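Have a look at final.txt; it's compact mmCIF, C-alpha atoms and all ligand atoms:
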# COMPACT_ATOMS: atom_id res chain seq x y z
CA MET A 1 -20.30 -10.29 -0.44
CA ASP A 2 -20.25 -6.64 -1.46
CA PHE A 3 -20.22 -3.97 1.19
CA THR A 4 -21.29 -0.33 0.88
CA ILE A 5 -20.93 2.48 3.37
CA ILE A 6 -21.62 6.22 3.31
CA THR A 7 -19.07 8.60 4.80
CA LYS A 8 -20.11 12.11 5.78
CA SER A 9 -16.72 13.86 5.91
CA PRO A 10 -13.09 13.44 4.83
CA GLU A 11 -12.32 12.34 8.41
CA GLU A 12 -14.83 9.52 8.18
CA THR A 13 -13.29 8.38 4.90
CA LYS A 14 -9.84 8.44 6.51
CA ASN A 15 -11.12 6.44 9.46
CA LEU A 16 -12.53 3.87 7.08
CA GLY A 17 -9.10 3.71 5.45
CA LYS A 18 -7.56 3.20 8.86
CA ASP A 19 -9.91 0.30 9.53
CA VAL A 20 -9.02 -1.22 6.18
CA SER A 21 -5.33 -0.91 7.08
CA LYS A 22 -5.89 -3.28 10.01
CA LEU A 23 -7.04 -6.01 7.65
CA VAL A 24 -4.58 -5.74 4.77
CA LYS A 25 -1.72 -8.16 4.23
CA PRO A 26 1.50 -7.69 2.27
CA GLY A 27 0.79 -8.51 -1.37
CA ASP A 28 -2.79 -7.22 -1.30
CA ILE A 29 -4.04 -5.03 -4.12
CA LEU A 30 -6.63 -2.31 -3.60
CA ALA A 31 -8.02 -0.91 -6.85
CA PHE A 32 -9.70 2.50 -6.49
CA TYR A 33 -12.35 3.85 -8.86
CA GLY A 34 -13.97 7.28 -8.68
CA GLU A 35 -13.97 10.69 -10.33
CA LEU A 36 -11.58 13.55 -9.68
CA GLY A 37 -11.97 14.67 -6.09
CA ALA A 38 -14.04 11.65 -5.07
CA GLY A 39 -11.74 10.87 -2.16
CA LYS A 40 -9.38 8.14 -3.36
CA THR A 41 -6.29 9.87 -1.98
CA CYS A 42 -8.14 10.75 1.23
CA PHE A 43 -8.95 7.06 1.76
CA ILE A 44 -5.34 6.10 1.04
CA GLN A 45 -4.14 8.70 3.56
CA GLY A 46 -6.20 6.85 6.17
CA ILE A 47 -4.59 3.55 5.19
CA SER A 48 -1.14 5.15 5.43
CA LEU A 49 -1.87 6.61 8.84
CA GLY A 50 -3.01 3.20 10.00
CA LEU A 51 0.22 1.67 8.74
CA GLU A 52 2.26 4.38 10.47
CA VAL A 53 3.69 5.97 7.36
CA GLN A 54 5.49 9.19 8.29
CA ASP A 55 5.47 10.80 4.82
CA TYR A 56 2.62 13.05 3.77
CA VAL A 57 0.63 11.14 1.19
CA THR A 58 -0.70 13.06 -1.83
CA SER A 59 -1.70 12.21 -5.38
CA PRO A 60 1.69 12.00 -7.06
CA SER A 61 1.42 14.68 -9.73
CA PHE A 62 4.36 13.92 -11.98
CA THR A 63 5.25 10.44 -10.83
CA ILE A 64 2.95 7.55 -11.41
CA ILE A 65 4.18 5.62 -8.43
CA ASN A 66 5.20 6.61 -4.92
CA GLU A 67 6.54 4.19 -2.38
CA TYR A 68 6.14 4.74 1.38
CA GLN A 69 7.64 2.88 4.28
CA GLY A 70 5.23 1.85 7.00
CA LYS A 71 4.50 -1.32 8.95
CA VAL A 72 4.38 -2.75 5.45
CA PRO A 73 5.66 -0.95 2.34
CA ILE A 74 2.94 0.85 0.37
CA TYR A 75 3.11 1.20 -3.41
CA HIS A 76 0.83 4.07 -4.38
CA PHE A 77 -0.03 4.27 -8.08
CA ASP A 78 -1.92 7.22 -9.52
CA LEU A 79 -2.71 6.43 -13.13
CA PHE A 80 -4.63 9.59 -13.98
CA ARG A 81 -1.96 10.68 -16.44
CA LEU A 82 -1.47 7.28 -17.99
CA ASP A 83 -2.59 7.32 -21.63
CA LYS A 84 -2.17 3.68 -22.48
CA ALA A 85 -2.09 0.64 -20.23
CA GLU A 86 1.18 -0.41 -21.88
CA GLU A 87 2.97 2.60 -20.37
CA ILE A 88 2.81 0.89 -17.02
CA LEU A 89 4.92 -1.97 -18.36
CA GLU A 90 7.89 0.39 -18.43
CA LEU A 91 7.56 0.96 -14.70
CA GLY A 92 8.11 -2.69 -13.95
CA TYR A 93 4.69 -2.78 -12.31
CA GLU A 94 4.89 -6.52 -11.70
CA GLU A 95 7.62 -6.00 -9.12
CA TYR A 96 5.07 -4.03 -7.16
CA PHE A 97 1.87 -5.96 -7.83
CA TYR A 98 3.51 -9.25 -6.94
CA GLY A 99 5.87 -7.77 -4.37
CA LYS A 100 6.03 -7.67 -0.59
CA GLY A 101 4.03 -4.51 0.00
CA LEU A 102 0.48 -3.27 -0.20
CA THR A 103 -0.43 -1.90 -3.62
CA VAL A 104 -3.05 0.87 -3.87
CA ILE A 105 -4.07 2.09 -7.32
CA GLU A 106 -5.98 5.28 -8.17
CA TRP A 107 -7.71 5.18 -11.58
CA ALA A 108 -7.42 1.40 -11.68
CA GLU A 109 -9.77 1.28 -14.69
CA LYS A 110 -6.82 2.36 -16.83
CA ILE A 111 -5.09 -0.97 -16.34
CA GLU A 112 -8.09 -3.21 -15.69
CA GLN A 113 -6.68 -6.01 -17.85
CA LEU A 114 -3.35 -6.05 -15.98
CA LEU A 115 -4.85 -6.29 -12.48
CA PRO A 116 -4.18 -9.58 -10.71
CA LYS A 117 -7.37 -11.65 -10.41
CA GLU A 118 -7.33 -11.31 -6.65
CA ASN A 119 -7.95 -7.66 -5.76
CA LEU A 120 -10.33 -5.49 -3.80
CA LYS A 121 -12.25 -3.00 -5.87
CA ILE A 122 -13.12 0.19 -3.97
CA GLU A 123 -15.55 2.49 -5.74
CA ILE A 124 -16.12 6.01 -4.41
CA LYS A 125 -19.09 8.05 -5.62
CA PHE A 126 -20.20 11.60 -4.83
CA LYS A 127 -23.47 11.75 -2.93
CA ASP A 128 -23.25 15.43 -2.07
CA ARG A 129 -20.57 17.91 -1.08
CA TYR A 130 -19.48 16.02 2.03
CA GLN A 131 -20.97 12.60 1.54
CA ARG A 132 -19.48 9.74 -0.40
CA THR A 133 -20.87 6.32 -1.17
CA ILE A 134 -18.03 3.83 -0.89
CA SER A 135 -18.51 0.31 -2.23
CA PHE A 136 -16.19 -2.63 -1.75
CA ILE A 137 -16.39 -5.33 -4.38
CA PRO A 138 -14.18 -8.37 -3.79
CA GLN A 139 -12.46 -9.98 -6.76
CA GLY A 140 -11.34 -13.41 -5.62
CA ASP A 141 -11.75 -15.39 -2.38
CA ARG A 142 -9.26 -13.59 -0.19
CA PHE A 143 -11.41 -10.48 0.03
CA ASN A 144 -14.67 -12.18 0.98
CA LYS A 145 -13.32 -12.86 4.47
CA PHE A 146 -11.79 -9.41 4.50
CA LEU A 147 -15.17 -7.76 3.88
CA GLU A 148 -16.92 -9.85 6.51
CA GLU A 149 -14.37 -8.51 9.00
CA LEU A 150 -14.69 -4.94 7.75
CA ASN A 151 -18.47 -5.17 7.96
CA ARG A 152 -18.16 -6.28 11.60
CA ILE A 153 -15.82 -3.40 12.47
CA GLU A 154 -18.01 -0.77 10.79
CA ASN A 155 -21.25 -2.03 12.34
CA PHE A 156 -19.61 -1.88 15.71
CA ARG A 157 -18.74 1.78 15.08
CA ASP A 158 -22.30 3.12 14.93
N1 LIG A 201 -16.80 12.24 2.74
C1 LIG A 201 -15.66 12.63 2.12
N2 LIG A 201 -14.69 11.73 1.88
C2 LIG A 201 -13.55 12.09 1.24
N3 LIG A 201 -13.28 13.33 0.79
C3 LIG A 201 -14.22 14.27 1.01
C4 LIG A 201 -15.44 13.96 1.67
N4 LIG A 201 -16.17 15.10 1.74
C5 LIG A 201 -15.45 16.05 1.16
N5 LIG A 201 -14.27 15.58 0.71
C6 LIG A 201 -13.26 16.37 -0.01
O1 LIG A 201 -13.12 15.82 -1.30
C7 LIG A 201 -11.76 15.90 -1.72
C8 LIG A 201 -11.21 14.52 -2.03
O2 LIG A 201 -9.95 14.70 -2.62
P1 LIG A 201 -8.98 13.50 -3.00
O3 LIG A 201 -7.71 14.13 -3.40
O4 LIG A 201 -8.96 12.49 -1.92
O5 LIG A 201 -9.74 12.91 -4.28
P2 LIG A 201 -9.18 11.88 -5.36
O6 LIG A 201 -10.28 10.92 -5.63
O7 LIG A 201 -7.88 11.33 -4.93
O8 LIG A 201 -9.00 12.80 -6.63
P3 LIG A 201 -7.93 12.70 -7.84
O9 LIG A 201 -8.54 11.82 -8.86
O10 LIG A 201 -7.81 14.12 -8.30
O11 LIG A 201 -6.63 12.16 -7.31
C9 LIG A 201 -10.99 16.58 -0.59
O12 LIG A 201 -10.92 17.95 -0.86
C10 LIG A 201 -11.88 16.31 0.62
O13 LIG A 201 -11.74 17.29 1.62
MG MG A 202 -6.00 11.32 -5.76
Whole structure, structure tokens version:
Amino acid sequence: MDFTIITKSPEETKNLGKDVSKLVKPGDILAFYGELGAGKTCFIQGISLGLEVQDYVTSPSFTIINEYQGKVPIYHFDLFRLDKAEEILELGYEEYFYGKGLTVIEWAEKIEQLLPKENLKIEIKFKDRYQRTISFIPQGDRFNKFLEELNRIENFRD
């Protein structure tokens, strides 16, 4: 199943990220899609809060990957500055994607062909200044269950 939700503020997007953090398992891959300023980092900040990361999470501007320690390690990729998918090979990305932490990827479209088959696609679209349409599209079985759970949690919220 797909699942779509509208958030009305950065706080709501962070809270959604926090809810997602309750459902993730080490080894999961969350692939984020959305224009500049859509709210990918904001969502990831919510996940990090939920996983009790102490560092302040931002879009890494000169590094392509940041690693944070939380209840599980988080590997935060921001591929905005990546020109070619091959550049990510030099980073030893497989260590992360198939590692023991949670991988979150901003601008995942840049490495579409390298993404493991099992991943959760999270698409963020501008609706207006403060509203975002956030869609979850599961790739692979693991995330079907995940989205059923998330749906339950979010319905319970309103
Ligand atoms: N509902 C909302 N959800 C998330 N962010 C929102 C929302 N409404 C307004 N904003 C604002 O939009 C901006 C989102 O910025 P953020 O850095 O998270 O975007 P991004 O998708 O990571 O961009 P980039 O591609 O540059 O890394 C913030 O300034 C935030 O305050
Ligand atoms: Mg960002």
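Taking all atoms listed in the file into account, every polymer residue with at least one atom at most 7 Å away from ligand LIG 201 (chain A) is listed here: Thr7, Lys8, Ser9, Pro10, Glu11, Glu12, Thr13, Gly34, Glu35, Leu36, Gly37, Ala38, Gly39, Lys40, Thr41, Cys42, Phe43, Ser59, Phe80, Glu106, Arg129, Tyr130, Gln131 and Arg132 of chain A.
Atom CA of A:Pro138 sits 17.2 Å away from atom CA of A:Lys125.
In this model, the gap between atom CA of A:Gly27 and atom CA of A:Glu94 comes to 11.3 Å.
Remark: for A:Val104, the closest of the candidate residues A:His76, A:Lys117, A:Lys127, A:Lys145 is A:His76 (distances computed over all atoms listed in the file).
If you measure from each of A:Ile137, A:Val57, A:Leu82, A:Val72 to ligand MG 202 (chain A) using only C-alpha atoms and all ligand atoms, the closest one turns out to be A:Val57.
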Just the number, please: distance in Å from atom CA of A:Glu154 to atom CA of A:Lys71, one decimal.
22.6 Å
Would you pick out the contacts of A:Arg81 at 12 Å or less, using only C-alpha atoms, so that residues sharing its chain but fewer than 2 positions from it are not included, and give the list as a list of chain:residue names?
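Once the adjacent positions are removed, what remains is A:Ser59, A:Pro60, A:Ser61, A:Phe62, A:Thr63, A:Ile64, A:Ile65, A:Phe77, A:Asp78, A:Leu79, A:Asp83, A:Lys84, A:Ala85, A:Glu87, A:Ile88, A:Glu106, A:Trp107, A:Ala108, A:Lys110.
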Once you add 3 Å to each side, what are the centre and edge lengths of the axis-aligned box holding all listed atoms of stretch 78-95 of chain A? One decimal in Å, as JSON, if you can.
{"center_x": 1.7, "center_y": 2.1, "center_z": -15.8, "size_x": 18.7, "size_y": 23.2, "size_z": 19.4}
Which neighbours of A:Thr133 fall inside 6 Å, counting only C-alpha atoms, when residues of the same chain fewer than 3 positions from it are skipped, and could you give them as a ChimeraX atom specification?
/A:5-6,124-125
Go ahead and dump the residues you just picked, C-alpha atoms, as a PDB file, in the coordinates of the input.
ATOM      1  CA  ILE A   5     -20.930   2.480   3.370  1.00  0.00           C
ATOM      2  CA  ILE A   6     -21.620   6.220   3.310  1.00  0.00           C
ATOM      3  CA  ILE A 124     -16.120   6.010  -4.410  1.00  0.00           C
ATOM      4  CA  LYS A 125     -19.090   8.050  -5.620  1.00  0.00           C
TER       5      LYS A 125
END
Between A:Phe3, A:Asp28, A:Val20, A:Ile105, smallest distance to ligand MG 202 (chain A) by only C-alpha atoms and all ligand atoms belongs to A:Ile105
Spatial neighbours of stretch 48-55 of chain A, max dist 8 Å, all atoms listed in the file, sep filter under 2 positions, as a PyMOL selection string:
chain A and resi 17-19+21-22+44-46+57+68-72+74
